[in-house]
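Single-structure report; data block below.
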Amino acid sequence: MREITAKAITDAVAKLFQQANYALGDDVIIALKKALQDEISPAGREVIRKLLENAALAAKESLPLCQDGGAALVFLEVGQEVRITGGDLYAAINDGVRRAYTEGYLRKSMVSCPFSARENTGDNTPAIIHTEIVPGDRLKIAVLPKGGGAENMTRLAMLTPAEGQQGIIDFVVAAADEAGANPCPPVIIGVGVGGTAEKAMLLAKKALLRRVGEPNPEAEAAALEREILKKVNGLGIGPMGYGGKITALAVHVESFPTHIAALPVAVNFQCHSARHRETIL
């Protein structure tokens with residue numbers, strides 16, 4: 001049994017959220033530079049240039065990439081041979097979020113009692129935590145600051161099996177068309193297929209952790225990603241809704257077996273500020 005202290009977890013989470021909010025990953029930068037080459041709309045090209053300038057300035061000055069520091073999403077893979085010492089796992093994570101958003105001068109966006117008072121919690125806690133138990137003696141932590149504009153465009157459909165791949169394509173493209181400029185394109189689109197309703201939603205969210213444009217290792221899923229991306233970029237929404245051919249930088253599909261009577265499909269959008277970081281303790 002390997003021991004990991006709660007303090008080490010808090011320190012890691014605080015560092016990851018600050019890094020994610022200050023600097024885009026190289027995968028996103030590469031995707032934006034390629035989009036700049038491929039975009040044909042003058043307005044769209046100017047938007048992408050500004051996004052790249054913003055990313056460079058944020059990284060240089062340790063400033064937030066976006067005023068929306070996002071809800072604090074945390075994905076854990078906990079090795080079954082790991083023991084957390086010196087405190088509670090989830091409390092340690094929330095301590096890290098609290099430190100990152102307070103010391104890092106990141107906007108605190110979480111409100112309690114969402115259906116009534118909606119009072120700001122003051123430190124961007126609680127985090128939204130998803131935990132998996134896996135073999136081994138390591139703890140993997142992935143963080144995803146999720147902006148409200150993109151998250152609000154999330155969609156779920158319980159398709160019939162007869163609708164098949166074409167039904168999936170049509171639903172995702174329609175969701176992107178309905179979303180328009182609201183999720184701040186060019187976006188990354190996470191698509192979850194299968195399982196149950198909540199499993200499909202989680203798959204769509206986790207798909208956003210993949211490096212931008214990295215295809216699904218399964219050929220059939222990769223082909224579906226390419227087809228959806230082509231059709232979404234054919235909508236003409238373009239960067240920030242100014243028109244053009246680059247509405248999405250990538251489509252990431254994740255799937256899971258499902259019931260014989262079901263075909264759940266979830267769509268989760270990530271804005272151009274595709275912030276995520278991970279580490280292994």
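Order determines the names: the first chain of the structure tokens is A, the second B, and so forth; residues in each chain are numbered 1 upward, and ligands are numbered 1 upward as they are shown.
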
Notebook entry, point to check: Which neighbours of Gln80 in chain A fall inside 9 Å, counting only C-alpha atoms, when residues of the same chain fewer than 2 positions from it are skipped, and could you give them as an MDAnalysis selection string?
Noted result: chainID A and resid 1 78 82:83 133:138

Kindly assemble as a tab-separated table a list of the range 1-115 of chain A residues that lie within 7 Å of range 147-150 of chain A, each paired with its nearest atom pair and their distance in Å to one decimal, using only C-alpha atoms, sorted first by chain and then by ascending residue number.
```
residue	atom	partner	partner_atom	distance
A:Asp68	CA	A:Gly147	CA	5.8
A:Gly69	CA	A:Gly147	CA	6.6
A:Gly70	CA	A:Gly147	CA	4.1
A:Ala71	CA	A:Gly147	CA	6.5
```

Note to self: Let's see if you can do this: from backbone DSSP, list all strand (DSSP E or B) residues in range 21-151 of chain A, as JSON, numbers by chain.
What the structure shows: {"A": [71, 72, 73, 74, 75, 76, 77, 78, 79, 82, 83, 84, 85, 111, 112, 119, 120, 128, 129, 130, 131, 132, 133, 134, 139, 140, 141, 142, 143, 144, 145, 146]}

Item checked: Using only C-alpha atoms: which of A:Leu32, A:Val193, A:Leu235, A:Val251 has the shortest distance to Leu209 in chain A ->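 Result for the nearest residue to Leu209 in chain A: A:Val251.
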
Next item on the list: Among the residues of range 89-131 of chain A, find those DSSP assigns to helix (DSSP H, G or I) from the backbone and print them as a PyMOL selection string.
Entry: chain A and resi 89-103

Could the residues in this selection be saved with N, CA and C atoms as a compact mmCIF listing (two decimals), in the first residue's frame?
```txt
# COMPACT_ATOMS: atom_id res chain seq x y z
N LEU A 89 -9.86 12.96 1.15
CA LEU A 89 -9.51 13.17 -0.26
C LEU A 89 -10.27 14.34 -0.86
N TYR A 90 -11.58 14.36 -0.74
CA TYR A 90 -12.37 15.42 -1.36
C TYR A 90 -12.13 16.77 -0.68
N ALA A 91 -11.92 16.75 0.64
CA ALA A 91 -11.60 18.01 1.33
C ALA A 91 -10.27 18.56 0.84
N ALA A 92 -9.32 17.67 0.59
CA ALA A 92 -8.01 18.10 0.09
C ALA A 92 -8.15 18.74 -1.29
N ILE A 93 -8.99 18.17 -2.13
CA ILE A 93 -9.20 18.73 -3.46
C ILE A 93 -9.85 20.11 -3.36
N ASN A 94 -10.87 20.24 -2.54
CA ASN A 94 -11.52 21.54 -2.39
C ASN A 94 -10.59 22.58 -1.77
N ASP A 95 -9.70 22.15 -0.89
CA ASP A 95 -8.70 23.08 -0.37
C ASP A 95 -7.79 23.59 -1.50
N GLY A 96 -7.45 22.70 -2.42
CA GLY A 96 -6.63 23.10 -3.56
C GLY A 96 -7.35 24.07 -4.48
N VAL A 97 -8.63 23.81 -4.73
CA VAL A 97 -9.43 24.72 -5.55
C VAL A 97 -9.51 26.09 -4.87
N ARG A 98 -9.79 26.07 -3.58
CA ARG A 98 -9.91 27.31 -2.81
C ARG A 98 -8.63 28.14 -2.91
N ARG A 99 -7.50 27.48 -2.75
CA ARG A 99 -6.22 28.19 -2.82
C ARG A 99 -5.96 28.73 -4.22
N ALA A 100 -6.22 27.90 -5.24
CA ALA A 100 -5.94 28.32 -6.61
C ALA A 100 -6.73 29.56 -6.99
N TYR A 101 -8.01 29.55 -6.67
CA TYR A 101 -8.87 30.65 -7.11
C TYR A 101 -8.72 31.90 -6.26
N THR A 102 -8.31 31.72 -5.01
CA THR A 102 -8.11 32.89 -4.14
C THR A 102 -6.73 33.50 -4.38
N GLU A 103 -5.69 32.70 -4.28
CA GLU A 103 -4.33 33.21 -4.44
C GLU A 103 -4.02 33.56 -5.90
```

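Taking CA of Lys50 in chain A as the reference point, CA of Ala175 in chain A is found at 26.2 Å.
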
Next item on the list: Compare A:Leu249, A:Leu156, A:Met110, A:Val13 by their minimum atom-to-atom distance to Leu76 in chain A, counting only C-alpha atoms, and give me the closest one.
Entry: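 Comparing A:Leu249, A:Leu156, A:Met110, A:Val13 against Leu76 in chain A, the winner is A:Val13.
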
Notebook entry, point to check: Can you tell me, as a ChimeraX atom specification, what residues are no more than 8 Å from range 57-66 of chain A when counting only C-alpha atoms, ignoring any on the same chain fewer than 6 positions away?
Noted result: /A:21-24,106,273

Check: Quick one: of A:Val74, A:Val111, A:Leu159, A:Val172, who's nearest to Ala262 in chain A, counting only C-alpha atoms?
Finding: A:Leu159

Note to self: I'd like the interatomic distance between CA of Thr247 in chain A and CA of Ala20 in chain A, to a tenth of an Å.
What the structure shows: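 These two atoms are separated by 22.7 Å.
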
Note to self: So that I can check the surroundings of Ala223 in chain A, please list as a PyMOL selection string every protein, DNA and RNA residue that reaches within 12 Å of it, counting only C-alpha atoms and ignoring chain neighbours fewer than 4 positions away.
What the structure shows: chain A and resi 165+169+215-219+227-230+251-253

Write out the residues from the selection above, keeping C-alpha atoms, as a PDB file, in the first residue's frame.
```pdb
ATOM      1  CA  GLN A 165     -24.873   6.746 -36.774  1.00  0.00           C
ATOM      2  CA  ILE A 169     -24.424  12.955 -36.621  1.00  0.00           C
ATOM      3  CA  PRO A 215      -8.404  10.749 -32.924  1.00  0.00           C
ATOM      4  CA  ASN A 216     -10.198   7.976 -31.115  1.00  0.00           C
ATOM      5  CA  PRO A 217      -8.022   4.839 -31.417  1.00  0.00           C
ATOM      6  CA  GLU A 218     -10.990   2.888 -32.809  1.00  0.00           C
ATOM      7  CA  ALA A 219     -11.267   3.412 -36.561  1.00  0.00           C
ATOM      8  CA  GLU A 227     -17.708  13.250 -40.378  1.00  0.00           C
ATOM      9  CA  ILE A 228     -19.206  15.322 -37.568  1.00  0.00           C
ATOM     10  CA  LEU A 229     -16.340  17.836 -37.693  1.00  0.00           C
ATOM     11  CA  LYS A 230     -16.776  18.275 -41.424  1.00  0.00           C
ATOM     12  CA  VAL A 251     -14.706  16.473 -32.314  1.00  0.00           C
ATOM     13  CA  HIS A 252     -13.891  13.806 -29.736  1.00  0.00           C
ATOM     14  CA  VAL A 253     -16.189  10.777 -29.509  1.00  0.00           C
TER      15      VAL A 253
END
```

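The shell of residues at most 10 Å from Gly86 in chain A, with only C-alpha atoms counted and near chain neighbours (fewer than 3 positions) removed, consists of Glu3, Ile4, Thr5, Ala6, Lys7, Ala8, Leu89 and Ala92 of chain A.
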
Margin query: One decimal, in Å: what's the spacing between CA of Asp26 in chain A and CA of Leu202 in chain A?
Written below: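 Value for the CA of Asp26 in chain A-CA of Leu202 in chain A distance: 24.7 Å.
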
Next item on the list: Find the residues around Ser41 in chain A up to 12 Å (only C-alpha atoms counted), leave out those fewer than 6 positions away in its own chain, and share them as a list in words.
Entry: Ala35, Val47, Ile48, Gly236, Ile237, Gly238, Pro239, Met240, Gly241, Tyr242, Gly243, Gly244, Lys245, Ile246 and Thr247 of chain A

Notebook entry, point to check: Which one is closest to Ala261 in chain A: A:Gly190, A:Gly167, A:Pro185, A:Pro161? Count only C-alpha atoms.
Noted result: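 Nearest candidate to Ala261 in chain A out of A:Gly190, A:Gly167, A:Pro185, A:Pro161: A:Pro161.
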
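Of the residues under consideration (A:Thr160, A:Ile84, A:Glu132, A:Tyr105), A:Ile84 shows the shortest atom-to-atom contact distance to Thr10 in chain A when counting only C-alpha atoms.
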
Item checked: Spatial neighbours of Gly25 in chain A, 10 Å, only C-alpha atoms, chain gap at least 4 places, as a ChimeraX atom specification -> /A:19-20,29-30,55,211-212,273-277
